[in-house]
Structures are given as structure tokens and as C-alpha cells.
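All remarks here apply to the structure that follows.
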2 protein chains.
Amino acid sequence: MGTTRRATRGIDGSEPEAGPPSGDAPGRGGIARGAVTLADVARRAKVSPATASRVINGSAKPVAEELRARVLRAVEDLRYVPNAHAQGLARSHRIAVGVIVHDVSDPYFAEITRGLQRVATEHGRLLVICNSYRDPARELEYVELLRAQQVAAIVLAGSGYHDAAFTKEINAKLRAYQQSGGHVSVIGRHEHVGDAVLPANEEGGRLIAEYLYGLGHRHIGVIAGPKVLTTTTDRLAGIRRAAKEQGRSLPARRVVHSDFSRDGGATATAHLLHDSPEVTAIVALNDSMAVGALAWLRGHNISVPHQVSVVGFDDMPVASDVTPTLTTVRLPLTEMGARAMSMALSGSAIHPTRVERVEAIVVPRESSGPPPA
Amino acid sequence: MGTTRRATRGIDGSEPEAGPPSGDAPGRGGIARGAVTLADVARRAKVSPATASRVINGSAKPVAEELRARVLRAVEDLRYVPNAHAQGLARSHRIAVGVIVHDVSDPYFAEITRGLQRVATEHGRLLVICNSYRDPARELEYVELLRAQQVAAIVLAGSGYHDAAFTKEINAKLRAYQQSGGHVSVIGRHEHVGDAVLPANEEGGRLIAEYLYGLGHRHIGVIAGPKVLTTTTDRLAGIRRAAKEQGRSLPARRVVHSDFSRDGGATATAHLLHDSPEVTAIVALNDSMAVGALAWLRGHNISVPHQVSVVGFDDMPVASDVTPTLTTVRLPLTEMGARAMSMALSGSAIHPTRVERVEAIVVPRESSGPPPA
DNA sequence: GCTATCGTGGAAAGCGCTTTCCCCAGCCTA
DNA sequence: TAGGCTGGGGAAAGCGCTTTCCACGATAGC
């Protein structure tokens with residue numbers, strides 16, 4: 001192979017030497033198929049690969065002005081771009097970082113990713129984004145993949161699963177990764193290896209419920225995401241706590257589980273109101289579901305907030321665009337991403353696992369009000 | 001280095017060793033920092049690296065059952081994951097593909113990316129997503145970066161720029177990439193190297209304008225994105241064409257340029273209505289701007305569609321959640337992504353540059369109606 | 001004037017993996 | 001029984017790059 005390649009290269013003839021990029025001349029010129037290598041550059045500049053490499057990477061070692069110029073010229077002419085795999089192999093340090101999210105096209109993750117991206121870029125890192133589409137198996141695969149890519153850090157964004165087998169397995173993989181020098185940080189889940197950024201999911205649930213009780217509501221219903229997600233259970237726990245503090249209860253029938261999506265929100269709303277017509281306020285455990293609820297209510301001519309109040313969670317951009325605008329719990333998503341990435345990159349020792357908490361606040365808008373008299 | 005590494009490796013001891021420490025020097029053993037390598041696996045399975053590699057990659061070459069089992073066992077015990085860089089270097093074929101978008105968190109690109117992702121995954125490719133944040137310089141950088149990563153294909157999603165210098169430069173880079181065997185495909189721009197998926201931007205503009213004229217509007221205003229984007233100019237061209245066909249005109253003052261964002265839409269609407277109060281219908285050149293327009297109008301108690309009609313472009317999910325629901329032009333974004341990736345991966349020869357066109361259709365909803373009497 | 005000392009370039013040893021190419025049995029024909 | 005296969009394993013040559021380590025003039029020190 002090597003030979004063949006050289007041969008080909010011989011054919012394209014025109015070894016270096018002369019002026020402008022041999023590139024364009026069809027039929028003959030070309031750099032031949034396969035990439036231009038450092039050796040090509042060195043040859044054309046009439047220096048050793050070592051020197052070429054030093055010039056290109058701005059090595060500490062001094063190189064005479066003239067050689068430097070020749071190398072740079074050759075790089076230009078040949079449109080040389082170093083092979084990242086070869087660099088990755090030869091260098092010790094890793095350059096890329098990876099993140100596994102449920103789905104970047106979901107605004108929730110889009111915001112988080114934005115924060116991750118920003119910090120990664122500031123550190124000169126390439127961010128590799130992987131969508132697990134909420135499939136644990138795929139999540140596992142991606143951990144392997146990122147490990148194979150020798151990323152410097154893995155950020156797990158998105159909720160954890162209540163699934164002991166899965167947790168055990170992913171932890172094993174993550175630990176192996178850490179052992180080989182990688183850094184792990186997670187957003188919003190516990191029971192996990194690595195540093196963590198913890199959104200105040202429970203507290204947020206408590207606050208929003210308290211807010212509704214404060215408005216005078218007595219019968220609150222919840223449309224929740226999948227039970228297996230820790231995000232769901234944490235937020236729900238907060239709501240229950242508030243109920244308890246108010247000396248009220250939240251019967252199981254007033255909690256309807258569905259998908260964390262617009263459609264999930266709509267169907268859950270239908271079920272909730274069918275089973276518990278006494279409800280005067282609906283807490284959706286994320287904004288997508290809240291939007292679905294709003295849509296369903298509008299479709300059934302139920303006035304928000306006059307007949308029923310609706311509140312969401314996350315404060316995604318859409319929250320201020322729907323009608324009525326959505327009361328919700330704000331989580332600083334972008335900042336959460338940024339913090340997670342910062343931790344991942346300030347890779348201290350493994351041991352003192354750090355946990356950073358971020359606050360949740362209630363953002364009152366038009367979709368909530370006192371219960372009907 | 002190598003030495004240091006081995007030494008360190010000794011330290012962590014505890015190899016999950018079942019049998020005796022292979023032919024290794026005693027006291028060796030641990031996995032330790034730095035990854036487990038194929039050599040480690042081979043040693044533990046007491047086979048050559050060649051055999052180990054063959055087992056792991058399911059090579060065509062047959063390997064005796066017993067050895068195979070030993071290797072697999074070792075992989076398991078050591079939690080071995082091959083180094084993708086080394087593989088990338090040793091193998092000839094490239095595995096990853098890259099896409100450069102303006103911003104994945106923008107729903108427009110999120111939808112496109114979803115399509116890209118799907119097809120890439122179907123082909124067993126890793127998709128590397130790069131956000132240019134609409135910065136041409138960054139776009140250029142990312143082309144280099146992807147080239148360095150030896151990706152099999154680069155997809156440029158997102159509008160082109162009316163910028164000759166930039167176009168020339170990026171074309172030079174893309175051509176160099178193609179010459180080294182890469183495949184390029186672009187979504188929605190012309191003047192460009194590579195295969196292309198062309199959304200019917202102009203036709204879409206024509207259709208939506210025609211629709212408004214059909215409702216009886218005579219004074220249409222446009223809130224447009226940045227002038228340098230081909231998407232903007234194409235859509236605008238369609239609207240102008242429709243105007244012309246109706247024997248009407250679209251004076252420059254009724255076209256206000258701004259950002260392709262919600263806020264851009266709001267401010268553009270303010271300007272437009274201030275300068276041209278006769279306008280009875282506003283065409284926003286994307287849905288984000290339309291949502292901004294809706295918000296501004298609501299804020300100023302202008303009723304949609306009774307006083308002013310508003311239409312968007314793209315049919316993003318939010319279009320059906322705002323109030324009133326948004327009349328818009330639907331582009332099959334996900335499919336566009338899928339098609340672009342298919343072309344990129346069915347890398348035929350370079351020459352017959354393929355162009356696929358996708359249709360646009362008007363989706364009437366509540367935000368448009370006849371002009372006030 | 002002869003050895004220490006720089007200052008610079010190149011040779012070459014890997015990084016971890018894939019993949020020829022070659023070798024060694026064992027088995028089958030004549 | 002010799003000769004040729006063939007199945008199965010290992011040695012080793014790279015892939016393209018970085019980074020010691022060494023060599024070699026030129027300067028400086030005594």
C-alpha cells in the first residue's frame with residue numbers, strides 16, 4: 001500500500017519546487033487523491049518533517065526565519081491541514097470534549113448545549129454532541145464512542161433514569177473512562193459518578209405549588225413526564241412537599257404521567273380533567289407539556305387562567321410567546337451548561353466530587369390567576 | 001514517556017486478573033492511567049495483537065474459537081475500547097461526517113439536523129455538529145477542522161452569504177477537501193461547490209404573497225432577515241415576483257431588514273408600521289420573526305388578523321402554538337437534512353454535481369385574513 | 001588554539017491500530 | 001512418501017504526526 005501510494009504520488013509528478021499550487025491543473029497537477037501530508041510539506045519546503053511540524057505548531061524550539069517562511073509557503077500552496085487523528089495519536093493531550101443529551105432540538109437541551117458550547121470554545125475545545133433520544137442503550141453506546149474518541153471530558157446532560165441496572169452499567173463505563181484520565185460531569189442527576197450540576201428541581205416544584213396555593217387554589221393537578229426520569233420525580237416531590245406544608249394532599253389520580261412533549265401534555269390534560277374535574281390549576285412538569293395543555297384547553301374552550309390556571313417548568317423561550325403567556329419556573333439552562341463544562345474542564349483530581357446547585361425561581365405571567373370564585 | 005507510562009501503570013496494581021499475569025514482568029499488571037491498549041488485551045489473552053484486532057473487528061480472517069473467546073474475555077475484563085484516533089489513522093476509510101449549521105438551538109436548524117442525524121446514523125456514521133453562529137470566519141475554521149478530522153463528508157446547512165471574498169475562500173477550502181476525497185453537500189445556497197438541496201425559497205415567497213393578494217391585501221410589508229443571506233434575498237425575490245405579477249409593487253420602504261430572530265421581528269415590525277401605516281399584511285421571512293411581530297402587535301393592541309395579517313416562513317413547531325396560530329410557508333426541513341446527508345454519503349464522482357429541489361407549500365392558519373374593510 | 005557552549009536542524013522512536021505477508025502445521029492427493 | 005494445499009497464527013510494516021535525542025557548525029571561554 002505504502003508503495004502504491006508513493007507510486008501514485010510519483011505519477012502526479014511535479015514534485016514541489018515550482019511556484020503556485022500545482023493543484024488546479026486538471027489531468028496532471030494535483031495533490032493526488034488522499035490528503036496532503038506533513039511529509040509533502042516538508043519535501044516542498046526542503047526541510048525535515050520535524051522542522052515543518054515545529055513551524056506549523058509554533059513549537060518552543062526556534063527555527064530560522066527563512067526556513068519558517070518556506071514552510072509556511074508550502075503549507076499555503078498545498079493547502080495543508082494536519083491530520084487530526086495522527087495528531088491525536090502522537091500528542092498526549094486530548095482536545096475534544098463530548099456531551100450526551102436527550103435531543104438537541106429540544107429547546108431545553110438546546111439552551112444547555114449553548115452554555116456547554118460557549119465554555120468549550122473558550123477553552124479551545126471541540127464539542128462533540130450526541131443525541132441519545134432518551135434511549136438508555138444509546139446512551140451507553142455513546143459513552144463508549146466518546147471514550148474511543150479520546151475526549152478529555154464527557155458531560156451527561158439530561159435527566160437520570162430510575163433504573164438500577166442501567167445506572168450500574170453506565171457507572172462502570174464512566175469509571176473506566178475516569179480511570180484512563182477522563183473527566184465526567186453530569187447535569188441534573190444523582191446516583192452518578194462524576195461532578196454534578198444540580199438544578200433545584202425539587203425546590204422549584206415546591207415554589208410553584210406554593211405560588212398556586214397562594215393564589216387560592218385548592219385542587220392542583222399535575223401533568224408529569226415519564227416516571228423513570230429523576231427530573232420528573234424530583235419536581236413532583238417538591239410539589240408534594242408544598243402540599244403537605246399546606247396541609248393538603250395530592251392524590252395519585254391528580255398526577256398523570258405522559259411524555260415530556262407537547263402532545264404528551266395535551267393528552268395528559270385530557271385525562272387529568274376527565275378524572276379530576278375539580279382541578280383549578282395544572283402544573284406541567286416542563287414547558288412543552290404546558291404548551292400542549294394550553295392547546296388542548298383552547299381547543300375545548302376552557303379559558304386560561306379564568307377557569308383553569310396552567311404553569312410550566314424551565315422557562316423556555318416559547319413560554320413568552322404562547323397565549324396566554326406562560327407562568328413557569330425558570331432554570332438558568334445556559335448557565336447550567338456552562339458550569340458543567342467548566343467543571344469538566346477544570347479537571348481536578350477525581351476524588352473530591354464537586355456538586356454545584358442552581359436556583360429555580362417562579363416567573364409569573366398571564367396563564368395563572370386565582371381560581372374561579 | 002513510554003517508560004514513565006509503564007511505570008505509572010504498575011502503580012495502580014489490581015488488574016482484574018483471573019489467571020497469572022501473562023508473560024509479563026511480575027508486579028506489572030494494572031490498567032492505570034492512560035488507556036488500555038490493544039497490546040494489553042493481546043497480552044492478557046496470550047495472543048498476538050494481530051489476532052486480537054481480528055477478533056475485535058470481526059475480520060474476515062477466521063480465528064479459532066478458543067482464541068476468540070480468550071480475546072473477548074480480555075476485552076471484557078479490561079473494559080477495552082479501541083482508540084478511535086489510532087483506528088482512524090490505520091484504517092483507510094473515514095467514519096465521521098460533519099455538518100456546519102448556524103445554530104442547532106434554532107429550531108430551523110434543529111429540524112434539519114434531525115434529518116441529517118437520522119441518515120448518518122442509518123449509515124453508521126458519527127455526526128459532528130458545528131455551530132458557526134452565523135460568523136463566516138468561524139465557518140471557514142470549521143471547514144478546516146472537519147477536514148482535519150478526516151470526515152467523510154461535510155454538509156453545509158444554512159444560508160449562503162452574498163460575499164464574494166468569503167465565497168471564494170470557502171470554495172477554495174472545500175475544493176481542496178474534495179480533492180482529498182471528501183464529499184460536500186450544501187443546503188440552500190448556490191454559488192457553491194458540491195451537491196445541493198435547494199428549498200424553494202423564491203417559490204415559497206411567491207406563493208405566500210399570492211395568497212395574501214388573493215385575500216384582498218393591497219399593501220404588503222415585509223420584515224426580512226439580513227441582506228447578506230441568500231435565504232433573505234431569495235424569499236424576497238419571490239414576493240417581488242408575485243407583486244409584479246399582480247401589477248403591484250413593493251417599495252423599498254415596505255421592506256425592513258433585521259435579524260432572523262424574535263426580537264428582530266419585533267423591532268422590524270415597529271419600524272415597518274411606523275414608516276408604512278398603510279400596510280395590512282406583514283410577511284416575516286421566517287417564523288421567529290413572525291412570532292416577534294405577533295408579540296409586538298399584541299403589545300400594541302393591534303388585532304391579528306382583523307387589523308393586520310401576519311404570515312411566517314418555515315413552519316416551525318412554534319407556529320401552531322402561538323395565538324393566533326401562524327399562517328406560514330412549510331418547508332420539509334427534516335427531509336431536507338435527510339436528503340443532503342444521503343447525497344453526501346452516496347459519494348459518487350465529484351463531477352455531476354447533483355441538485356435536488358424541495359417544494360414549499362402555504363399552510364393557512366389563524367393569523368391571516370382579509371384586510372379590514 | 002582548544003575545548004565548553006549554544007543555537008539549529010534532522011533522524012528516528014514511538015502513539016495504537018490494521019493489514020499485508022509469511023510461516024507452520026496438518027491434511028489431501030498421486 | 002513426497003508435494004501441494006489450506007486453515008490459522010504471528011511478525012512487522014506502516015498510517016501521519018510529535019518529540020526526544022543527537023549532530024554539527026559557530027561562537028565563546030580559558
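We name chains A, B, ... following the order of the C-alpha cells; residues begin at 1 in each chain, and ligands are numbered from 1 as shown.
Summary of the local environment: counting only C-alpha atoms (C1' of nucleotides), residues at most 12 Å from DG3 of chain D, other than itself and those fewer than 4 positions away along its chain, are DC28, DT29 and DA30 of chain C.
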ask   = Which residues, written as a VMD selection string, have at least one atom at most 8 Å from Arg73 of chain B, with only C-alpha atoms (C1' of nucleotides) counted and residues fewer than 4 positions away on the same chain left out?
value = chain B and resid 45 69 77
Take the residues just selected and output them with N, CA and C atoms as an mmCIF file, in the first residue's frame.
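New file again_4.cif:
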```
data_model
loop_
_atom_site.group_PDB
_atom_site.id
_atom_site.type_symbol
_atom_site.label_atom_id
_atom_site.label_comp_id
_atom_site.auth_asym_id
_atom_site.auth_seq_id
_atom_site.Cartn_x
_atom_site.Cartn_y
_atom_site.Cartn_z
ATOM 1 N N ALA B 45 -4.740 -12.041 26.735
ATOM 2 C CA ALA B 45 -5.370 -13.203 26.095
ATOM 3 C C ALA B 45 -4.309 -14.152 25.562
ATOM 4 N N ALA B 69 -12.537 -16.575 22.108
ATOM 5 C CA ALA B 69 -13.151 -16.449 23.426
ATOM 6 C C ALA B 69 -12.186 -15.762 24.387
ATOM 7 N N ASP B 77 -12.824 -7.948 30.540
ATOM 8 C CA ASP B 77 -12.155 -7.720 31.817
ATOM 9 C C ASP B 77 -11.499 -6.357 31.870
#
```
ask   = Taking only C-alpha atoms (C1' of nucleotides) into account, which residues of chain D are within 9 Å of chain A, as a count of residues only?
value = 6
Chain B residues within 8 Å of chain A, counting only C-alpha atoms: which ones, as an mmCIF file with C-alpha atoms, in the first residue's frame?
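And here is the file that came out, out.cif:
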```cif
data_model
loop_
_atom_site.group_PDB
_atom_site.id
_atom_site.type_symbol
_atom_site.label_atom_id
_atom_site.label_comp_id
_atom_site.auth_asym_id
_atom_site.auth_seq_id
_atom_site.Cartn_x
_atom_site.Cartn_y
_atom_site.Cartn_z
ATOM 1 C CA ALA B 32 -3.853 2.562 35.326
ATOM 2 C CA ARG B 33 -3.998 5.956 33.849
ATOM 3 C CA GLY B 34 -3.739 6.160 30.156
ATOM 4 C CA ALA B 35 -5.976 3.865 28.290
ATOM 5 C CA VAL B 36 -5.946 0.153 27.940
ATOM 6 C CA ARG B 79 -13.054 -2.744 29.543
ATOM 7 C CA VAL B 81 -12.276 0.421 23.940
ATOM 8 C CA PRO B 82 -10.211 0.897 20.809
ATOM 9 C CA ASN B 83 -8.564 4.247 20.309
ATOM 10 C CA ALA B 84 -10.504 5.874 17.526
ATOM 11 C CA HIS B 85 -7.596 8.047 16.526
ATOM 12 C CA ALA B 86 -5.349 5.102 16.028
ATOM 13 C CA GLY B 88 -8.713 6.348 12.017
ATOM 14 C CA LEU B 89 -5.080 6.543 11.220
ATOM 15 C CA VAL B 104 -28.565 23.980 16.345
ATOM 16 C CA SER B 105 -30.627 25.560 19.026
ATOM 17 C CA ASP B 106 -32.501 27.449 16.372
ATOM 18 C CA PRO B 107 -35.494 25.206 15.621
ATOM 19 C CA ALA B 110 -32.677 21.631 14.801
ATOM 20 C CA GLU B 111 -35.156 20.147 12.344
ATOM 21 C CA ARG B 114 -32.623 15.783 12.938
ATOM 22 C CA VAL B 128 -20.094 16.045 14.235
ATOM 23 C CA ILE B 129 -22.140 19.203 14.613
ATOM 24 C CA GLU B 144 -10.590 23.185 8.268
ATOM 25 C CA ARG B 147 -11.079 18.329 7.181
ATOM 26 C CA ALA B 148 -8.522 17.740 9.863
ATOM 27 C CA GLN B 149 -10.872 15.249 11.461
ATOM 28 C CA GLN B 150 -10.843 13.368 8.192
ATOM 29 C CA LYS B 173 -11.073 25.094 1.013
ATOM 30 C CA ALA B 176 -9.129 21.098 -1.535
ATOM 31 C CA GLN B 179 -9.622 16.693 -3.877
ATOM 32 C CA SER B 180 -8.522 14.704 -0.900
ATOM 33 C CA GLY B 181 -11.561 12.516 -1.374
ATOM 34 C CA VAL B 291 -43.544 35.416 16.377
ATOM 35 C CA ALA B 295 -45.762 39.808 20.184
ATOM 36 C CA VAL B 318 -43.961 27.059 17.444
ATOM 37 C CA ASP B 321 -48.640 27.247 19.461
ATOM 38 C CA VAL B 322 -48.780 30.983 19.212
ATOM 39 C CA THR B 323 -52.040 32.850 19.270
#
```
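Straight-line separation from atom CA of Gly238 of chain B to atom CA of Ile154 of chain B: 29.3 Å.
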query = Would you give me, as a PyMOL selection string, the residues in segment 61-233 of chain A that DSSP reads as strand (DSSP E)?
reply = chain A and resi 96-101+126-131+153-156+183-187+195-199+220-224
task = Provide as a list in words the residues of chain C at most 8 Å from chain B, counting only C-alpha atoms (C1' of nucleotides).
result =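 On the chain C side, the interface is DC15, DG16, DC17 and DT18 of chain C.
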request  = From segment 281-359 of chain A, collect each residue whose DSSP state is alpha helix (DSSP H) and return the set as a list of chain:residue names.
outcome  = A:Asp287, A:Ser288, A:Met289, A:Ala290, A:Val291, A:Gly292, A:Ala293, A:Leu294, A:Ala295, A:Trp296, A:Leu297, A:Arg298, A:Gly299, A:Leu333, A:Thr334, A:Glu335, A:Met336, A:Gly337, A:Ala338, A:Arg339, A:Ala340, A:Met341, A:Ser342, A:Met343, A:Ala344, A:Leu345
request  = Take atom CA of Ser309 of chain B and atom CA of Ala266 of chain A and report the distance between them in Å, one decimal.
outcome  =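 Going from atom CA of Ser309 of chain B over to atom CA of Ala266 of chain A covers 27.8 Å.
Between atom CA of His162 of chain B and atom CA of Val362 of chain B the interatomic distance comes to 26.9 Å.
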task = Could you give me, as a list in words, the residues within 8 Å of Gln307 of chain B, counting only C-alpha atoms (C1' of nucleotides) and dropping anything in the same chain fewer than 4 positions from it?
result =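 Everything that qualifies: Thr280, Ile302, Ser303, Pro371 and Pro372 of chain B.
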May I have the selected residues written with N, CA and C atoms, as a tab-separated table (two decimals), in the first residue's frame?
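Written output follows (out_12.tsv):
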```tsv
chain	number	residue	atom	x	y	z
B	280	THR	N	-51.40	46.25	5.47
B	280	THR	CA	-52.44	45.42	6.08
B	280	THR	C	-52.00	43.97	6.25
B	302	ILE	N	-52.92	45.70	18.57
B	302	ILE	CA	-53.35	45.65	17.17
B	302	ILE	C	-53.81	44.22	16.93
B	303	SER	N	-55.01	44.06	16.50
B	303	SER	CA	-55.58	42.72	16.41
B	303	SER	C	-55.16	41.99	15.14
B	371	PRO	N	-58.15	41.92	4.51
B	371	PRO	CA	-57.80	43.21	5.11
B	371	PRO	C	-59.05	43.84	5.71
B	372	PRO	N	-58.89	44.76	6.64
B	372	PRO	CA	-60.05	45.43	7.21
B	372	PRO	C	-60.80	46.15	6.10
```
Close residues, Asn286 of chain B itself excluded, 8 Å, only C-alpha atoms (C1' of nucleotides), min 6 positions apart in chain, as a list in words =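 Listing them by chain and then by number gives Ala224, Gly225, Phe260, Gly312, Phe313 and Asp314 of chain B.
Residues with any atom within 12 Å of DA26 of chain D, counting only C-alpha atoms (C1' of nucleotides) and excluding same-chain neighbours fewer than 5 positions away, are DT5, DC6, DG7 and DT8 of chain C.
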Written selection (N, CA and C atoms (P, O5', C5', C4', C3', O3' and C1' of nucleotides)) as a PDB file, in the first residue's frame:
```pdb
ATOM      1  P    DT C   5      29.937  23.863  29.541  1.00  0.00           P
ATOM      2  O5'  DT C   5      29.415  24.727  28.312  1.00  0.00           O
ATOM      3  C5'  DT C   5      29.865  26.079  28.158  1.00  0.00           C
ATOM      4  C4'  DT C   5      29.046  26.748  27.080  1.00  0.00           C
ATOM      5  C3'  DT C   5      27.567  26.298  27.047  1.00  0.00           C
ATOM      6  O3'  DT C   5      26.763  27.464  26.971  1.00  0.00           O
ATOM      7  C1'  DT C   5      28.525  26.103  24.896  1.00  0.00           C
ATOM      8  P    DC C   6      25.394  27.464  27.888  1.00  0.00           P
ATOM      9  O5'  DC C   6      24.290  27.684  26.792  1.00  0.00           O
ATOM     10  C5'  DC C   6      24.485  27.079  25.508  1.00  0.00           C
ATOM     11  C4'  DC C   6      24.560  28.168  24.453  1.00  0.00           C
ATOM     12  C3'  DC C   6      23.250  28.315  23.704  1.00  0.00           C
ATOM     13  O3'  DC C   6      23.010  29.671  23.375  1.00  0.00           O
ATOM     14  C1'  DC C   6      24.988  27.499  22.244  1.00  0.00           C
ATOM     15  P    DG C   7      21.461  30.050  22.999  1.00  0.00           P
ATOM     16  O5'  DG C   7      21.450  29.706  21.448  1.00  0.00           O
ATOM     17  C5'  DG C   7      22.457  30.228  20.597  1.00  0.00           C
ATOM     18  C4'  DG C   7      22.171  29.778  19.175  1.00  0.00           C
ATOM     19  C3'  DG C   7      20.680  29.655  18.845  1.00  0.00           C
ATOM     20  O3'  DG C   7      20.522  30.007  17.483  1.00  0.00           O
ATOM     21  C1'  DG C   7      21.704  27.542  18.602  1.00  0.00           C
ATOM     22  P    DT C   8      19.063  30.308  16.892  1.00  0.00           P
ATOM     23  O5'  DT C   8      18.947  29.232  15.748  1.00  0.00           O
ATOM     24  C5'  DT C   8      19.433  27.919  16.025  1.00  0.00           C
ATOM     25  C4'  DT C   8      19.612  27.193  14.705  1.00  0.00           C
ATOM     26  C3'  DT C   8      18.286  26.715  14.119  1.00  0.00           C
ATOM     27  O3'  DT C   8      18.437  26.544  12.719  1.00  0.00           O
ATOM     28  C1'  DT C   8      19.514  24.865  14.925  1.00  0.00           C
TER      29       DT C   8
END
```
task = Check the smallest atom-to-atom distance from each of A:Ser288, A:Ser258, A:Ser346, A:Ser48 to DG10 of chain C using only C-alpha atoms (C1' of nucleotides), then report the winner.
result =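 Using only C-alpha atoms (C1' of nucleotides), the shortest distance to DG10 of chain C belongs to A:Ser48.
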